[in-house]
Each structure stands twice: as structure tokens, then as C-alpha cells.
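Asker: PDB, C-alpha atoms, saved as work16.pdb, coming up:
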ATOM      1  CA  MET A   1      19.427  30.734  -8.288
ATOM      2  CA  ASN A   2      16.417  32.986  -8.452
ATOM      3  CA  MET A   3      13.235  30.912  -8.637
ATOM      4  CA  TYR A   4      11.674  33.594 -10.829
ATOM      5  CA  SER A   5      14.412  33.415 -13.464
ATOM      6  CA  GLY A   6      12.616  30.705 -15.391
ATOM      7  CA  LYS A   7      15.091  27.997 -14.444
ATOM      8  CA  TYR A   8      12.968  26.750 -11.583
ATOM      9  CA  SER A   9       9.832  24.768 -12.247
ATOM     10  CA  TRP A  10       7.114  24.242  -9.718
ATOM     11  CA  PRO A  11       5.907  20.675  -9.271
ATOM     12  CA  LYS A  12       2.682  19.758 -10.993
ATOM     13  CA  ILE A  13      -0.025  19.402  -8.363
ATOM     14  CA  SER A  14      -3.250  17.706  -9.271
ATOM     15  CA  PRO A  15      -6.542  18.886  -7.780
ATOM     16  CA  PRO A  16      -8.005  16.954  -4.856
ATOM     17  CA  GLN A  17      -9.961  13.843  -5.758
ATOM     18  CA  PRO A  18     -12.440  13.497  -2.897
ATOM     19  CA  GLY A  19     -14.295  10.521  -4.367
ATOM     20  CA  ALA A  20     -11.136   8.457  -4.827
ATOM     21  CA  ALA A  21      -9.902   9.167  -1.318
ATOM     22  CA  ARG A  22     -13.300   8.328   0.195
ATOM     23  CA  ASP A  23     -13.400   5.040  -1.727
ATOM     24  CA  LEU A  24      -9.930   4.045  -0.536
ATOM     25  CA  LEU A  25     -10.928   4.543   3.082
ATOM     26  CA  ALA A  26     -14.377   2.968   2.864
ATOM     27  CA  ALA A  27     -13.127  -0.267   4.402
ATOM     28  CA  ARG A  28     -10.439   1.157   6.616
ATOM     29  CA  PRO A  29      -8.584  -1.278   8.824
ATOM     30  CA  GLY A  30      -9.787  -1.160  12.391
ATOM     31  CA  THR A  31     -13.424  -1.477  11.476
ATOM     32  CA  ALA A  32     -15.346  -4.600  12.415
ATOM     33  CA  VAL A  33     -14.007  -7.466  10.324
ATOM     34  CA  SER A  34     -15.767 -10.773   9.892
ATOM     35  CA  ASP A  35     -14.053 -14.127   9.399
ATOM     36  CA  LYS A  36     -16.448 -14.990   6.589
ATOM     37  CA  VAL A  37     -15.415 -15.567   3.017
ATOM     38  CA  ALA A  38     -17.154 -13.605   0.281
ATOM     39  CA  GLU A  39     -17.530 -14.402  -3.383
ATOM     40  CA  VAL A  40     -16.350 -11.451  -5.484
ATOM     41  CA  GLN A  41     -16.376 -11.729  -9.273
ATOM     42  CA  GLY A  42     -16.222 -15.518  -9.097
ATOM     43  CA  ARG A  43     -13.281 -15.545  -6.679
ATOM     44  CA  SER A  44     -13.257 -16.242  -2.960
ATOM     45  CA  VAL A  45     -11.923 -13.307  -0.988
ATOM     46  CA  HIS A  46     -11.410 -13.291   2.773
ATOM     47  CA  ALA A  47     -13.516 -10.584   4.357
ATOM     48  CA  GLY A  48     -10.421  -9.319   6.183
ATOM     49  CA  PHE A  49      -8.967  -7.579   3.132
ATOM     50  CA  ASP A  50     -10.274  -6.278  -0.158
ATOM     51  CA  SER A  51      -7.714  -6.949  -2.893
ATOM     52  CA  THR A  52      -9.433  -4.622  -5.357
ATOM     53  CA  ARG A  53      -9.453  -1.662  -2.975
ATOM     54  CA  ILE A  54      -5.858  -2.292  -1.929
ATOM     55  CA  ARG A  55      -4.722  -2.523  -5.562
ATOM     56  CA  GLU A  56      -6.440   0.791  -6.282
ATOM     57  CA  GLY A  57      -4.470   2.492  -3.493
ATOM     58  CA  VAL A  58      -1.239   0.962  -4.785
ATOM     59  CA  ARG A  59      -2.028   1.949  -8.368
ATOM     60  CA  THR A  60      -2.856   5.521  -7.312
ATOM     61  CA  ALA A  61       0.406   6.112  -5.419
ATOM     62  CA  LYS A  62       2.513   4.480  -8.129
ATOM     63  CA  ALA A  63       0.824   6.501 -10.877
ATOM     64  CA  TRP A  64       1.684   9.771  -9.133
ATOM     65  CA  LYS A  65       5.335   8.797  -8.903
ATOM     66  CA  GLN A  66       5.560   7.503 -12.474
ATOM     67  CA  ALA A  67       3.839  10.568 -13.936
ATOM     68  CA  GLY A  68       5.862  12.991 -11.829
ATOM     69  CA  VAL A  69       2.644  14.520 -10.537
ATOM     70  CA  TYR A  70       2.147  15.625  -6.964
ATOM     71  CA  PRO A  71      -1.391  15.151  -5.703
ATOM     72  CA  HIS A  72      -3.205  17.631  -3.549
ATOM     73  CA  PRO A  73      -1.743  17.327  -0.024
ATOM     74  CA  ASP A  74      -5.106  16.242   1.441
ATOM     75  CA  THR A  75      -5.485  13.489  -1.156
ATOM     76  CA  LEU A  76      -1.909  12.370  -0.582
ATOM     77  CA  ALA A  77      -2.506  12.205   3.185
ATOM     78  CA  VAL A  78      -5.635  10.081   2.758
ATOM     79  CA  VAL A  79      -3.933   7.647   0.361
ATOM     80  CA  THR A  80      -0.849   7.410   2.597
ATOM     81  CA  ARG A  81      -3.028   6.645   5.658
ATOM     82  CA  ALA A  82      -4.929   4.015   3.684
ATOM     83  CA  LEU A  83      -1.729   2.328   2.473
ATOM     84  CA  GLY A  84      -0.311   2.273   6.006
ATOM     85  CA  GLY A  85      -3.546   0.714   7.216
ATOM     86  CA  TYR A  86      -3.449  -1.870   4.447
ATOM     87  CA  LEU A  87       0.089  -2.851   5.465
ATOM     88  CA  THR A  88      -1.048  -3.280   9.053
ATOM     89  CA  SER A  89      -4.053  -5.378   8.069
ATOM     90  CA  LEU A  90      -2.102  -7.608   5.650
ATOM     91  CA  VAL A  91       0.726  -8.582   8.027
ATOM     92  CA  PRO A  92      -1.351 -11.190   9.933
ATOM     93  CA  TYR A  93      -2.283 -12.935   6.669
ATOM     94  CA  VAL A  94       1.316 -12.923   5.493
ATOM     95  CA  SER A  95       2.424 -14.220   8.902
ATOM     96  CA  LEU A  96       0.011 -17.135   8.484
ATOM     97  CA  HIS A  97       1.503 -17.781   5.059
ATOM     98  CA  LEU A  98       4.999 -17.667   6.583
ATOM     99  CA  LYS A  99       4.021 -20.464   8.987
ATOM    100  CA  THR A 100       3.210 -22.729   6.035
ATOM    101  CA  LEU A 101       6.711 -22.353   4.571
ATOM    102  CA  THR A 102       9.775 -24.395   5.494
ATOM    103  CA  PRO A 103      11.805 -22.357   8.004
ATOM    104  CA  GLY A 104      15.086 -21.222   6.497
ATOM    105  CA  SER A 105      14.009 -21.876   2.909
ATOM    106  CA  GLN A 106      14.400 -19.126   0.304
ATOM    107  CA  ALA A 107      10.621 -18.644   0.210
ATOM    108  CA  TRP A 108      10.500 -18.359   4.010
ATOM    109  CA  VAL A 109      13.359 -15.829   4.072
ATOM    110  CA  SER A 110      11.775 -13.728   1.308
ATOM    111  CA  CYS A 111       8.398 -13.694   3.050
ATOM    112  CA  ARG A 112       9.947 -12.795   6.425
ATOM    113  CA  GLU A 113      11.971  -9.975   4.855
ATOM    114  CA  ALA A 114       8.835  -8.642   3.139
ATOM    115  CA  ILE A 115       7.106  -8.399   6.527
ATOM    116  CA  GLU A 116      10.099  -6.587   8.025
ATOM    117  CA  ARG A 117      10.414  -4.153   5.085
ATOM    118  CA  SER A 118       6.704  -3.378   5.238
ATOM    119  CA  ARG A 119       6.912  -2.551   8.943
ATOM    120  CA  GLU A 120       9.927  -0.326   8.327
ATOM    121  CA  ALA A 121       8.120   1.484   5.511
ATOM    122  CA  ARG A 122       4.974   1.936   7.581
ATOM    123  CA  ASP A 123       6.869   3.216  10.626
ATOM    124  CA  ALA A 124       9.183   5.564   8.713
ATOM    125  CA  ALA A 125       8.251   9.214   8.903
ATOM    126  CA  PRO A 126       8.625  11.080   5.605
ATOM    127  CA  SER A 127      10.827  14.133   5.417
ATOM    128  CA  GLU A 128       9.275  17.544   5.010
ATOM    129  CA  GLY A 129       7.685  18.524   1.745
ATOM    130  CA  LEU A 130       5.324  17.247  -0.887
ATOM    131  CA  LYS A 131       7.994  15.342  -2.820
ATOM    132  CA  ALA A 132       9.130  13.454   0.292
ATOM    133  CA  ALA A 133       5.527  12.662   1.186
ATOM    134  CA  GLY A 134       4.938  11.366  -2.355
ATOM    135  CA  ASP A 135       8.080   9.223  -2.142
ATOM    136  CA  HIS A 136       6.845   7.826   1.174
ATOM    137  CA  ALA A 137       3.446   6.954  -0.344
ATOM    138  CA  PHE A 138       5.247   5.225  -3.232
ATOM    139  CA  ARG A 139       7.346   3.153  -0.817
ATOM    140  CA  LEU A 140       4.195   2.160   1.078
ATOM    141  CA  ALA A 141       2.545   1.204  -2.214
ATOM    142  CA  VAL A 142       5.454  -1.028  -3.223
ATOM    143  CA  GLN A 143       5.481  -2.808   0.143
ATOM    144  CA  THR A 144       1.687  -3.135   0.163
ATOM    145  CA  GLU A 145       1.773  -4.766  -3.255
ATOM    146  CA  VAL A 146       4.336  -7.326  -2.073
ATOM    147  CA  LEU A 147       2.340  -8.201   1.053
ATOM    148  CA  LEU A 148      -0.876  -8.447  -0.941
ATOM    149  CA  ARG A 149       0.679 -11.097  -3.188
ATOM    150  CA  TYR A 150       1.690 -13.174  -0.150
ATOM    151  CA  ALA A 151      -1.716 -12.707   1.503
ATOM    152  CA  GLU A 152      -3.487 -13.799  -1.669
ATOM    153  CA  GLN A 153      -1.200 -16.836  -1.949
ATOM    154  CA  HIS A 154      -2.164 -17.802   1.572
ATOM    155  CA  SER A 155      -5.860 -17.334   0.851
ATOM    156  CA  GLU A 156      -5.626 -19.483  -2.281
ATOM    157  CA  GLN A 157      -3.625 -22.234  -0.560
ATOM    158  CA  SER A 158      -5.818 -22.349   2.520
ATOM    159  CA  GLY A 159      -9.033 -22.302   0.487
ATOM    160  CA  GLU A 160     -10.290 -19.044   2.018
TER     161      GLU A 160
END
The structure in this file should be written as C-alpha cells.

Answerer:
Amino acid sequence: MNMYSGKYSWPKISPPQPGAARDLLAARPGTAVSDKVAEVQGRSVHAGFDSTRIREGVRTAKAWKQAGVYPHPDTLAVVTRALGGYLTSLVPYVSLHLKTLTPGSQAWVSCREAIERSREARDAAPSEGLKAAGDHAFRLAVQTEVLLRYAEQHSEQSGE
């Protein structure tokens, strides 16, 4: 098929969004993290992760997939790095939550599998191309969202 015959359509690529990418990486994992608890909008949030920032990264990657839009490659790379970092930073919190569950229970199994799936998603290398990279970012977003729920459950239960 000739791509100039009109039967081929190029993917929609959005322009780079430098402000959004900068905001997602503002509290990148690996920076100095305190064990203090902060009060954010009337809710206690452990200083180790920022639920709002993480949700924004998840929402961004999911929106691209749902709209069928491919972001600028630089923006996609920044969001993908941020999501991978969020997965890495959330695993310790989810592991603490796992320790509070009854070993072998359905909740324990589900939590353990979520940790394993998140590691697999983070460690998987996307195939070549913008579509594959977008699919990879979407998978990271889905796994990040799952881990965030467990991490927030732990924070609420432990009073952090």
C-alpha cells in the first residue's frame, strides 16, 4: 500500500508541553525524601510520595491512549521516566501494606501480584516507535495507579 494514496493516516502528534513535563518531574524519586508527614488540602500525606503529582502523570498517559493522540516524543519520554520513578518509589509503601495483610489471603495475593506486575511493567523495554512507547507509558500508568491505591491505603491505616 502506498502511504501517499490517502489510505494511510499519520498519527496525531501533540506539541510538546514543557510545563507539564517539568511539573511531573519536580519531585522526582531519588531526591532527598523526609519521613515527615505533611498536611495537604486537609489530608495527611507522607512526604515520600505526592499523590496529586502521581495522579497527574497517570491521567496524562491514560488521556493520550484514550484520545488516540501521540504526544511529542520528548514529552512522552519525560512522562514515561516519571511514571517509572513513581513505580519505584511506591513499591516500599506497598510492601509495608503487604506486611499488614494475612499471608495467603486474597488481599495479600492481590497486593503481591500488583507489586510483581509493576516491576515487570517498569523493567519492560518498549518496542520501537511512538505507538509502542505510548502503549508502554499507558501500562506504566495503569500499574502506578494500582500501587498508589495500595500505598494510600497503607498511609491511611498507619495514620501517616

Asker: To one decimal place, how far is atom CA of A:Ala121 from atom CA of A:Val109 in Å?

Answerer: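 According to the coordinates, atom CA of A:Ala121 and atom CA of A:Val109 are separated by 18.1 Å.
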
Asker: Determine the nearest neighbour of A:Glu116 from the options A:Ile54, A:Ala61, A:Val142, A:Val91, counting all atoms listed in the file.

Answerer: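 Ranked by minimum distance to A:Glu116, first place goes to A:Val91.
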
Asker: Output the residue selection produced by the PyMOL selection byres ((chain A and resi 118) around 8) on the file above, formatted as a PDB file with C-alpha atoms, keeping the file's coordinate frame.

Answerer:
ATOM      1  CA  LEU A  87       0.089  -2.851   5.465  1.00  0.00           C
ATOM      2  CA  ALA A 114       8.835  -8.642   3.139  1.00  0.00           C
ATOM      3  CA  ILE A 115       7.106  -8.399   6.527  1.00  0.00           C
ATOM      4  CA  GLU A 116      10.099  -6.587   8.025  1.00  0.00           C
ATOM      5  CA  ARG A 117      10.414  -4.153   5.085  1.00  0.00           C
ATOM      6  CA  ARG A 119       6.912  -2.551   8.943  1.00  0.00           C
ATOM      7  CA  GLU A 120       9.927  -0.326   8.327  1.00  0.00           C
ATOM      8  CA  ALA A 121       8.120   1.484   5.511  1.00  0.00           C
ATOM      9  CA  ARG A 122       4.974   1.936   7.581  1.00  0.00           C
ATOM     10  CA  LEU A 140       4.195   2.160   1.078  1.00  0.00           C
ATOM     11  CA  GLN A 143       5.481  -2.808   0.143  1.00  0.00           C
ATOM     12  CA  THR A 144       1.687  -3.135   0.163  1.00  0.00           C
ATOM     13  CA  LEU A 147       2.340  -8.201   1.053  1.00  0.00           C
TER      14      LEU A 147
END

Asker: Between atom CA of A:Glu152 and atom CA of A:Leu76, what is the distance, to one decimal in Å?

Answerer: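 Atom CA of A:Leu76 lies at a distance of 26.2 Å from atom CA of A:Glu152.
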
Asker: Which distance in Å separates atom CA of A:Pro126 and atom CA of A:Arg53, to one decimal?

Answerer: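 Between atom CA of A:Pro126 and atom CA of A:Arg53 the gap works out to 23.7 Å.
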
Asker: Compare A:Cys111, A:Ala77, A:Leu83, A:Ala137 by their minimum atom-to-atom distance to A:Ser95, counting only C-alpha atoms, and give me the closest one.

Answerer: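 For A:Ser95, the nearest of the given residues is A:Cys111.
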
Asker: Compare A:Leu148, A:Val78, A:Leu96, A:Ala107 by their minimum atom-to-atom distance to A:Ala133, counting all atoms listed in the file, and give me the closest one.

Answerer: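 For A:Ala133, the nearest of the given residues is A:Val78.
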
Asker: Calculated over all atoms listed in the file, which of the candidates A:Ala124, A:His136, A:Ala67, A:Ser105 has the smallest distance to A:Val79?

Answerer: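 Closest residue, counting all atoms listed in the file: A:His136.
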
Asker: May I have the residues within 10 Å of A:His97 as a ChimeraX atom specification, using only C-alpha atoms and disregarding those fewer than 6 positions away in the same chain?

Answerer: /A:91,108,111-112,150-155,157-158

Asker: I need the residue nearest A:Ala132 from this list: A:Ser110, A:Thr80, A:Thr102, A:Ser89. Use only C-alpha atoms for the distance.

Answerer: A:Thr80

Asker: Out of A:Leu90, A:Leu101, A:Gly129, A:His72, which residue has the shortest atom-to-atom distance to A:Arg149 when counting all atoms listed in the file?

Answerer: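 Nearest to A:Arg149: A:Leu90.
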